[in-house]
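Structure first, commentary second.
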There are 2 protein chains.
Amino acid sequence: MNEQLADIKKDFSQWYLDVVYKAELADQSPVRGCIVIRPYGYAIWELIRDRLDTRIKATGHQNASFPLLIPESFLKREAEHVEGFSPELAVVTHAGGKELEEPLVVRPTSETIIHYMFARWLTSWRDLPIKINQWANVVRWEMRTRPFLRTTEFFWQEGHTAHETAAEAEAEARMMLKEYIDLAHEYLAIPVIAGRKSEHEKFPGADLTLTYEALMQDGKALQMGTSHLISQSFARAFNMSFQDRNGQQAYPYLTSWGATTRLVGAVVMTHGDQKGLILPPKIAPIQVVIIPIYKAGTDATVINEALERIKQTLSPWRIHVDAAENLTPGAKFYHWELKGVPLRLEVGPRDIAQGQVVIADRITGKKQVVAHDDLARFVDVSLEEMQTTLLERARQRLSAQWHKVAKLADFAAQLEADNGLYQAGWCGDAACEAILKQHKATTRCLLNEKTLTVCFQCDKASIGDVLIAKAY
Amino acid sequence: MNEQLADIKKDFSQWYLDVVYKAELADQSPVRGCIVIRPYGYAIWELIRDRLDTRIKATGHQNASFPLLIPESFLKREAEHVEGFSPELAVVTHAGGKELEEPLVVRPTSETIIHYMFARWLTSWRDLPIKINQWANVVRWEMRTRPFLRTTEFFWQEGHTAHETAAEAEAEARMMLKEYIDLAHEYLAIPVIAGRKSEHEKFPGADLTLTYEALMQDGKALQMGTSHLISQSFARAFNMSFQDRNGQQAYPYLTSWGATTRLVGAVVMTHGDQKGLILPPKIAPIQVVIIPIYKAGTDATVINEALERIKQTLSPWRIHVDAAENLTPGAKFYHWELKGVPLRLEVGPRDIAQGQVVIADRITGKKQVVAHDDLARFVDVSLEEMQTTLLERARQRLSAQWHKVAKLADFAAQLEADNGLYQAGWCGDAACEAILKQHKATTRCLLNEKTLTVCFQCDKASIGDVLIAKAY
């Protein structure tokens, strides 16, 4: 129990803010809707980013960088795109002491400028595919912000590709969705549900938006990331054509896909408890914290020698020795529990004499005595198990809160009171979808199955199952 | 000889642009003064960045991130700072469809917002030192831009630290300068000269700016990076105080230091030749390019099997096999020379039969026959030697163009005609320094020695040697 934190059961929303700020993942900034990502939070993001960057390169993409500022007219070239993003733009009107002839928008996403450059680079089918990725900051002037989940400025990678055929582009979009899902499962220990967005929910300017959605502990859904087939109207708008294998001018098929700093928020909301953060070992900046227990009358050199031996033994892992002299061991336990470090190792004089250490894990809090000779193996196995346990625990929660339902009238009350995911049939009409707003819910994704025959709202036949939830 | 490129001897400036664009390091963008960094250029930057990031962390700093947009009033809190940066600011005046109450500037550097946050975090001497680094994009509305060397938007890391004592802060600023110099020597193969900037040339708001300067092939100097002791007026402007060890309120001593994408430009201008780029092996995205030579009547599987063996042998290095079918070997040689790949390996049927390959190095162009069994050792030694040769070659150029001189009247003509570095005495007066403008030159740095007794311009005694040059 951490009394600094709001009650996770009664006020999940405040609990989240408390954890983000008190575990020093982020701080509020003086700029509306922007956060400062503090070193501990940034280190988590770096671990996520490095893993994703490795996979993006392994799947044949190359990193590059494109300007932050985009001529306003570029966004207007594609009708749906400008309609989707206009309300959220931050606009540079003055620079170098003068008013600009054409305002520049701070990129909300980079399709327009990247497609402009693709058009410069693309001549023949031999130039395809183009597979580019950019790690960047983007700005969207959001009305309501929450640290990591929705901030005015955020960090992401945005992949942009161009292909000869529609089939190849679709395979690309699906491959990257799969990479994202693997990242969520393997690294973040977050189970997700994949599907496609409805017309209303898709990316402005996409033909198809694939999404993967997770369930937070309060039963609300979180869109984790998306992968799009971009409309060929972008290629047309930017005169992006090439000579195909038959010598004809053709337009390429485009994709884009992105993952953001939101993933850090997803980790907090999926795994945390009343003591604070719980980090999956693979993305924990500190996997083992080592706390020396100096007792009155003990020779400090004995403890320090033991610390050196332990540091040596645990060198394959990310470790931290908390040797601060002005805090009690109890205060340190509390601090590192709040920060979600998977394993805590206590090194006191009596244990050293017996050639052992005490280890507590962050999930159960249970203490175990481990012989020094067995330490490396124990840490290896424990971290592996914790990673699996967190995923399994989240899976059980997901399945417990996933309801198959028939009619909105029957599940509306439960949806409003308890949140959760509701799998239902849908006729595909926007009118039926819009009614969900009255219950503060939306369609999260269309699933690739059809187990219900009638729409949740009207009497028409279902086009396929849809997932309905309140969402962040 | 690459006839696509301007003559490096006659028009170095155009040669530089040709290499940057034709070797596909960067491309022009539709946004004034901004470039697109293409995959090959970005990969060089990633190698520089990763090495620097490792060293920044190893010296006790942590990465974090601060907002891109800064309230305009923040820059005005420190008088010298706002005076230095105002003419270069890009300003967001509208966002979310409305005019902002207070404009936001796109950060030209982040001292102000980072100091604001330091003030929130700093209470006691126990909180010090704070040692933060940020990898970020910044925007400065420059009048004249050149790819990598001076662009409206550029990438950098900016380190910001706060310390209890002036001595500790100065040691920090000097340590990071040393790290930068090591990076230049060890990785970029660029010899540099370290010193401090004059009052006129220092960072707006710094008490002391340390710099390291390199000499380009045309005899012009390039400021590679800087490390500053920041004036305590920043701490005062942002109410950044702490309780010291005696229980008194005190202001911390601050530093900041940065290295930018300019370093990519420095590499091009230091090592390139008439064939194009020459990359030091440590920052070459491709260290060995392998070119199969298919001849009429040869069994392609023989060549492909040999390629597999060679790839296996060379797996510790960054290699690329250029198997494109629509280009001749000659066209490929030309292409990879332009791109500065250190070693080129040719794999033809006759060599395979004899268990050998032909290797050409990018510096001398000389071809050598190497037995397959000796390949790994040969590549290892060659890359090491090329790294050393490039540094040594640049060192010789630096010393050949570094002149010790007495009076401006005596060296002005040579400075104007041939460029080069001129070490002279200086009285320290801004008036004498300002006269250099007439010769398009500036003081690059004050050296830590005094070998000349009188000012280069007036008859007063010298305060120490100064380095004078035309600069980028």
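Letters A, B, ... go to the chains of the structure tokens in the order shown; residues in each chain start at 1; ligands are counted from 1 in the same order.
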Worksheet entry | Filtered DSSP result for range 202-327 of chain B, state helix (DSSP H, G or I), as a PyMOL selection string | chain B and resi 232-237+262-271+281-283+300-313
Please save C-alpha atoms of the selected residues as a tab-separated table (two decimals), in the first residue's frame.
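After the write, selection-v1.tsv holds the following:
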chain	number	residue	atom	x	y	z
B	232	GLN	CA	24.38	32.30	-12.94
B	233	SER	CA	21.98	34.94	-14.23
B	234	PHE	CA	20.02	32.01	-15.71
B	235	ALA	CA	19.70	30.44	-12.25
B	236	ARG	CA	18.48	33.79	-10.90
B	237	ALA	CA	16.10	34.36	-13.81
B	262	ARG	CA	27.04	19.49	-38.64
B	263	LEU	CA	29.55	16.75	-37.84
B	264	VAL	CA	28.37	14.86	-40.92
B	265	GLY	CA	29.29	17.88	-43.03
B	266	ALA	CA	32.68	18.07	-41.32
B	267	VAL	CA	33.41	14.49	-42.34
B	268	VAL	CA	32.54	15.21	-45.97
B	269	MET	CA	34.70	18.35	-46.12
B	270	THR	CA	37.67	16.83	-44.30
B	271	HIS	CA	38.12	13.54	-46.12
B	281	PRO	CA	35.59	3.08	-41.34
B	282	LYS	CA	34.21	3.60	-37.82
B	283	ILE	CA	31.32	5.74	-39.09
B	300	ALA	CA	26.03	-18.10	-61.29
B	301	THR	CA	25.69	-20.64	-58.49
B	302	VAL	CA	29.48	-20.79	-58.18
B	303	ILE	CA	29.56	-17.04	-57.59
B	304	ASN	CA	26.59	-17.10	-55.25
B	305	GLU	CA	28.16	-19.83	-53.14
B	306	ALA	CA	31.36	-17.81	-52.90
B	307	LEU	CA	29.32	-14.75	-51.87
B	308	GLU	CA	27.73	-16.71	-49.05
B	309	ARG	CA	31.13	-17.83	-47.76
B	310	ILE	CA	32.46	-14.27	-47.92
B	311	LYS	CA	29.41	-12.84	-46.15
B	312	GLN	CA	29.95	-15.37	-43.40
B	313	THR	CA	33.63	-14.49	-43.10
Discussion item. Please find the residues of chain A near chain B - the criterion being any atom within 6 Å, counting only C-alpha atoms - and write them as a ChimeraX atom specification.
Written reply: /A:36-39,42,62-66,87-92,94-97,141
Written selection (N, CA and C atoms) as a tab-separated table (two decimals), in the first residue's frame:
chain	number	residue	atom	x	y	z
A	36	VAL	N	7.27	16.86	-19.61
A	36	VAL	CA	8.71	16.60	-19.62
A	36	VAL	C	8.85	15.11	-19.32
A	37	ILE	N	9.53	14.38	-20.19
A	37	ILE	CA	9.78	12.96	-19.89
A	37	ILE	C	11.07	12.90	-19.09
A	38	ARG	N	10.96	12.46	-17.84
A	38	ARG	CA	12.12	12.45	-16.94
A	38	ARG	C	13.00	11.22	-17.25
A	39	PRO	N	14.22	11.21	-16.74
A	39	PRO	CA	15.15	10.14	-17.12
A	39	PRO	C	14.59	8.73	-16.94
A	42	TYR	N	12.13	8.16	-19.66
A	42	TYR	CA	12.79	8.17	-20.97
A	42	TYR	C	13.58	6.88	-21.19
A	62	GLN	N	14.63	1.68	-43.71
A	62	GLN	CA	15.78	2.52	-43.38
A	62	GLN	C	15.30	3.79	-42.70
A	63	ASN	N	16.04	4.24	-41.71
A	63	ASN	CA	15.69	5.51	-41.05
A	63	ASN	C	16.14	6.71	-41.87
A	64	ALA	N	15.37	7.77	-41.78
A	64	ALA	CA	15.70	9.02	-42.45
A	64	ALA	C	15.03	10.14	-41.64
A	65	SER	N	15.24	11.38	-42.06
A	65	SER	CA	14.51	12.44	-41.35
A	65	SER	C	14.03	13.52	-42.31
A	66	PHE	N	12.84	14.00	-42.03
A	66	PHE	CA	12.14	14.98	-42.86
A	66	PHE	C	11.81	16.19	-41.99
A	87	PRO	N	-8.11	20.98	-37.25
A	87	PRO	CA	-8.43	21.53	-35.93
A	87	PRO	C	-7.30	21.38	-34.92
A	88	GLU	N	-6.32	20.56	-35.23
A	88	GLU	CA	-5.28	20.22	-34.24
A	88	GLU	C	-3.93	20.85	-34.55
A	89	LEU	N	-3.87	21.72	-35.55
A	89	LEU	CA	-2.55	22.19	-35.99
A	89	LEU	C	-2.00	23.34	-35.16
A	90	ALA	N	-0.69	23.30	-34.93
A	90	ALA	CA	0.05	24.45	-34.41
A	90	ALA	C	0.75	25.09	-35.60
A	91	VAL	N	0.63	26.40	-35.73
A	91	VAL	CA	1.05	27.07	-36.95
A	91	VAL	C	2.11	28.14	-36.69
A	92	VAL	N	3.23	28.03	-37.39
A	92	VAL	CA	4.27	29.06	-37.34
A	92	VAL	C	3.93	30.11	-38.39
A	94	HIS	N	5.34	33.45	-38.01
A	94	HIS	CA	6.44	34.41	-38.04
A	94	HIS	C	7.76	33.69	-37.84
A	95	ALA	N	8.77	34.14	-38.56
A	95	ALA	CA	10.10	33.56	-38.37
A	95	ALA	C	11.16	34.56	-38.80
A	96	GLY	N	12.27	34.55	-38.08
A	96	GLY	CA	13.34	35.48	-38.42
A	96	GLY	C	12.89	36.93	-38.32
A	97	GLY	N	11.93	37.19	-37.45
A	97	GLY	CA	11.47	38.57	-37.24
A	97	GLY	C	10.46	39.06	-38.26
A	141	TRP	N	-2.75	19.71	-31.43
A	141	TRP	CA	-3.32	20.55	-30.39
A	141	TRP	C	-4.59	19.91	-29.81
Test item: residues at most 12 Å from Arg350 in chain B, only C-alpha atoms, excluding those fewer than 3 positions along its chain, as a PDB file with N, CA and C atoms, in the first residue's frame:
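Listed below is the output, around19.pdb:
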ATOM      1  N   PRO B 292      29.709  -8.868 -56.977  1.00  0.00           N
ATOM      2  CA  PRO B 292      29.884 -10.088 -57.768  1.00  0.00           C
ATOM      3  C   PRO B 292      30.053  -9.720 -59.245  1.00  0.00           C
ATOM      4  N   ILE B 293      30.989 -10.395 -59.897  1.00  0.00           N
ATOM      5  CA  ILE B 293      31.205 -10.141 -61.325  1.00  0.00           C
ATOM      6  C   ILE B 293      30.747 -11.377 -62.087  1.00  0.00           C
ATOM      7  N   TYR B 294      29.553 -11.258 -62.668  1.00  0.00           N
ATOM      8  CA  TYR B 294      29.031 -12.389 -63.442  1.00  0.00           C
ATOM      9  C   TYR B 294      29.544 -12.256 -64.865  1.00  0.00           C
ATOM     10  N   LYS B 295      30.187 -13.289 -65.372  1.00  0.00           N
ATOM     11  CA  LYS B 295      30.651 -13.222 -66.763  1.00  0.00           C
ATOM     12  C   LYS B 295      29.883 -14.224 -67.609  1.00  0.00           C
ATOM     13  N   THR B 298      29.551 -18.151 -67.180  1.00  0.00           N
ATOM     14  CA  THR B 298      29.878 -18.590 -65.825  1.00  0.00           C
ATOM     15  C   THR B 298      28.627 -19.139 -65.143  1.00  0.00           C
ATOM     16  N   ASP B 299      28.817 -20.135 -64.341  1.00  0.00           N
ATOM     17  CA  ASP B 299      27.718 -20.669 -63.552  1.00  0.00           C
ATOM     18  C   ASP B 299      27.485 -19.736 -62.356  1.00  0.00           C
ATOM     19  N   VAL B 302      28.112 -20.799 -58.710  1.00  0.00           N
ATOM     20  CA  VAL B 302      29.484 -20.789 -58.184  1.00  0.00           C
ATOM     21  C   VAL B 302      29.757 -19.449 -57.489  1.00  0.00           C
ATOM     22  N   ILE B 303      29.353 -18.378 -58.164  1.00  0.00           N
ATOM     23  CA  ILE B 303      29.559 -17.039 -57.589  1.00  0.00           C
ATOM     24  C   ILE B 303      28.711 -16.859 -56.325  1.00  0.00           C
ATOM     25  N   ALA B 306      30.199 -18.564 -53.396  1.00  0.00           N
ATOM     26  CA  ALA B 306      31.359 -17.814 -52.900  1.00  0.00           C
ATOM     27  C   ALA B 306      30.896 -16.597 -52.089  1.00  0.00           C
ATOM     28  N   GLU B 346      35.773  -7.437 -55.035  1.00  0.00           N
ATOM     29  CA  GLU B 346      35.258  -7.938 -56.316  1.00  0.00           C
ATOM     30  C   GLU B 346      35.356  -9.457 -56.331  1.00  0.00           C
ATOM     31  N   VAL B 347      34.230 -10.092 -56.697  1.00  0.00           N
ATOM     32  CA  VAL B 347      34.186 -11.548 -56.679  1.00  0.00           C
ATOM     33  C   VAL B 347      33.842 -12.058 -58.076  1.00  0.00           C
ATOM     34  N   ALA B 353      37.907 -19.463 -58.458  1.00  0.00           N
ATOM     35  CA  ALA B 353      38.610 -20.715 -58.785  1.00  0.00           C
ATOM     36  C   ALA B 353      39.967 -20.777 -58.093  1.00  0.00           C
ATOM     37  N   GLN B 354      40.577 -19.612 -57.902  1.00  0.00           N
ATOM     38  CA  GLN B 354      41.896 -19.579 -57.268  1.00  0.00           C
ATOM     39  C   GLN B 354      41.817 -19.331 -55.762  1.00  0.00           C
ATOM     40  N   GLY B 355      40.573 -19.316 -55.205  1.00  0.00           N
ATOM     41  CA  GLY B 355      40.409 -19.139 -53.762  1.00  0.00           C
ATOM     42  C   GLY B 355      40.814 -17.764 -53.271  1.00  0.00           C
ATOM     43  N   GLN B 356      40.561 -16.749 -54.086  1.00  0.00           N
ATOM     44  CA  GLN B 356      40.977 -15.391 -53.699  1.00  0.00           C
ATOM     45  C   GLN B 356      39.938 -14.357 -54.120  1.00  0.00           C
ATOM     46  N   VAL B 357      40.104 -13.137 -53.647  1.00  0.00           N
ATOM     47  CA  VAL B 357      39.252 -12.029 -54.079  1.00  0.00           C
ATOM     48  C   VAL B 357      40.149 -10.832 -54.373  1.00  0.00           C
ATOM     49  N   VAL B 358      39.579  -9.854 -55.086  1.00  0.00           N
ATOM     50  CA  VAL B 358      40.298  -8.603 -55.342  1.00  0.00           C
ATOM     51  C   VAL B 358      39.692  -7.531 -54.433  1.00  0.00           C
ATOM     52  N   VAL B 369      45.164  -8.530 -54.373  1.00  0.00           N
ATOM     53  CA  VAL B 369      44.593  -9.875 -54.406  1.00  0.00           C
ATOM     54  C   VAL B 369      44.793 -10.491 -53.027  1.00  0.00           C
TER      55      VAL B 369
END
Item to complete: Apply DSSP to the structure's backbone, then extract all residues of range 157-229 of chain B labelled strand (DSSP E or B) and return them as a ChimeraX atom specification.
Response: /B:157-163,193-196,206-215,221-229
I need the residues from that last selection saved to file as a short mmCIF file (atom, residue, chain, number, x, y, z; two decimals), in the first residue's frame (with N, CA and C atoms), if you can.
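Heads up, here's the output in again27.cif:
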data_model
loop_
_atom_site.label_atom_id
_atom_site.label_comp_id
_atom_site.auth_asym_id
_atom_site.auth_seq_id
_atom_site.Cartn_x
_atom_site.Cartn_y
_atom_site.Cartn_z
N GLN B 157 22.51 16.84 -29.72
CA GLN B 157 22.27 16.56 -28.31
C GLN B 157 22.65 17.83 -27.59
N GLU B 158 21.86 18.16 -26.57
CA GLU B 158 22.21 19.29 -25.72
C GLU B 158 22.27 18.79 -24.29
N GLY B 159 23.46 18.87 -23.69
CA GLY B 159 23.62 18.49 -22.30
C GLY B 159 23.41 19.71 -21.42
N HIS B 160 22.75 19.50 -20.29
CA HIS B 160 22.51 20.60 -19.34
C HIS B 160 22.77 20.07 -17.94
N THR B 161 23.65 20.76 -17.21
CA THR B 161 23.97 20.27 -15.87
C THR B 161 23.96 21.41 -14.86
N ALA B 162 23.76 21.04 -13.59
CA ALA B 162 23.78 22.01 -12.49
C ALA B 162 24.66 21.44 -11.38
N HIS B 163 25.49 22.28 -10.78
CA HIS B 163 26.49 21.83 -9.80
C HIS B 163 26.53 22.74 -8.58
N ILE B 193 41.46 21.72 -32.87
CA ILE B 193 42.17 22.63 -31.97
C ILE B 193 41.16 23.13 -30.95
N ALA B 194 41.51 23.02 -29.68
CA ALA B 194 40.58 23.45 -28.63
C ALA B 194 41.00 24.80 -28.06
N GLY B 195 40.03 25.55 -27.60
CA GLY B 195 40.31 26.83 -26.98
C GLY B 195 39.03 27.43 -26.45
N ARG B 196 39.08 28.73 -26.11
CA ARG B 196 37.83 29.35 -25.67
C ARG B 196 37.47 30.49 -26.60
N ALA B 206 26.48 32.86 -21.84
CA ALA B 206 27.52 32.03 -21.22
C ALA B 206 28.59 32.92 -20.58
N ASP B 207 29.19 32.42 -19.48
CA ASP B 207 30.36 33.08 -18.91
C ASP B 207 31.61 32.66 -19.67
N LEU B 208 31.59 31.44 -20.14
CA LEU B 208 32.76 30.87 -20.82
C LEU B 208 32.25 29.89 -21.87
N THR B 209 32.73 30.04 -23.10
CA THR B 209 32.42 29.05 -24.15
C THR B 209 33.72 28.39 -24.60
N LEU B 210 33.81 27.09 -24.39
CA LEU B 210 34.93 26.31 -24.91
C LEU B 210 34.53 25.79 -26.28
N THR B 211 35.48 25.75 -27.19
CA THR B 211 35.16 25.31 -28.54
C THR B 211 36.24 24.37 -29.06
N TYR B 212 35.90 23.58 -30.05
CA TYR B 212 36.94 22.84 -30.77
C TYR B 212 36.69 23.05 -32.25
N GLU B 213 37.78 23.38 -32.94
CA GLU B 213 37.69 23.85 -34.32
C GLU B 213 38.50 22.92 -35.23
N ALA B 214 37.98 22.70 -36.40
CA ALA B 214 38.69 21.86 -37.36
C ALA B 214 38.97 22.67 -38.62
N LEU B 215 39.87 22.18 -39.44
CA LEU B 215 40.23 22.85 -40.68
C LEU B 215 39.73 22.02 -41.86
N ALA B 221 37.96 27.29 -41.42
CA ALA B 221 37.74 26.62 -40.14
C ALA B 221 36.27 26.25 -40.00
N LEU B 222 36.02 25.20 -39.22
CA LEU B 222 34.65 24.82 -38.89
C LEU B 222 34.56 24.61 -37.38
N GLN B 223 33.65 25.36 -36.75
CA GLN B 223 33.38 25.12 -35.32
C GLN B 223 32.64 23.80 -35.21
N MET B 224 33.26 22.83 -34.52
CA MET B 224 32.70 21.48 -34.47
C MET B 224 31.66 21.34 -33.36
N GLY B 225 31.86 22.09 -32.29
CA GLY B 225 30.93 22.00 -31.17
C GLY B 225 31.44 22.86 -30.04
N THR B 226 30.57 23.07 -29.05
CA THR B 226 30.94 23.96 -27.95
C THR B 226 30.43 23.41 -26.62
N SER B 227 31.09 23.88 -25.56
CA SER B 227 30.73 23.50 -24.20
C SER B 227 30.81 24.76 -23.35
N HIS B 228 29.70 25.06 -22.67
CA HIS B 228 29.61 26.37 -22.00
C HIS B 228 29.50 26.28 -20.47
N LEU B 229 30.10 27.27 -19.81
CA LEU B 229 29.72 27.58 -18.43
C LEU B 229 28.66 28.66 -18.56
#
Worksheet item: Which residues come within 9 Å of Ile181 in chain A, counting only C-alpha atoms, excluding same-chain residues fewer than 2 positions away, as a PyMOL selection string?
Response: chain A and resi 176-179+183-186+190-194+212
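The coordinates place CA of Gly420 in chain B at 11.8 Å from CA of Val405 in chain B.
Close contacts of range 2-12 of chain A, defined as residues with an atom at most 10 Å away when counting only C-alpha atoms, with chain neighbours fewer than 3 positions off set aside, comprise A:Trp15, A:Tyr16, A:Leu17, A:Asp18, A:Val19, A:Lys22, A:Met216, A:Gln217, A:Asp218, A:Met269, A:Gly272, A:Asp273, A:Gln274, A:Lys275, A:Gly276, A:Tyr334, A:His335, A:Glu337, A:Leu338.
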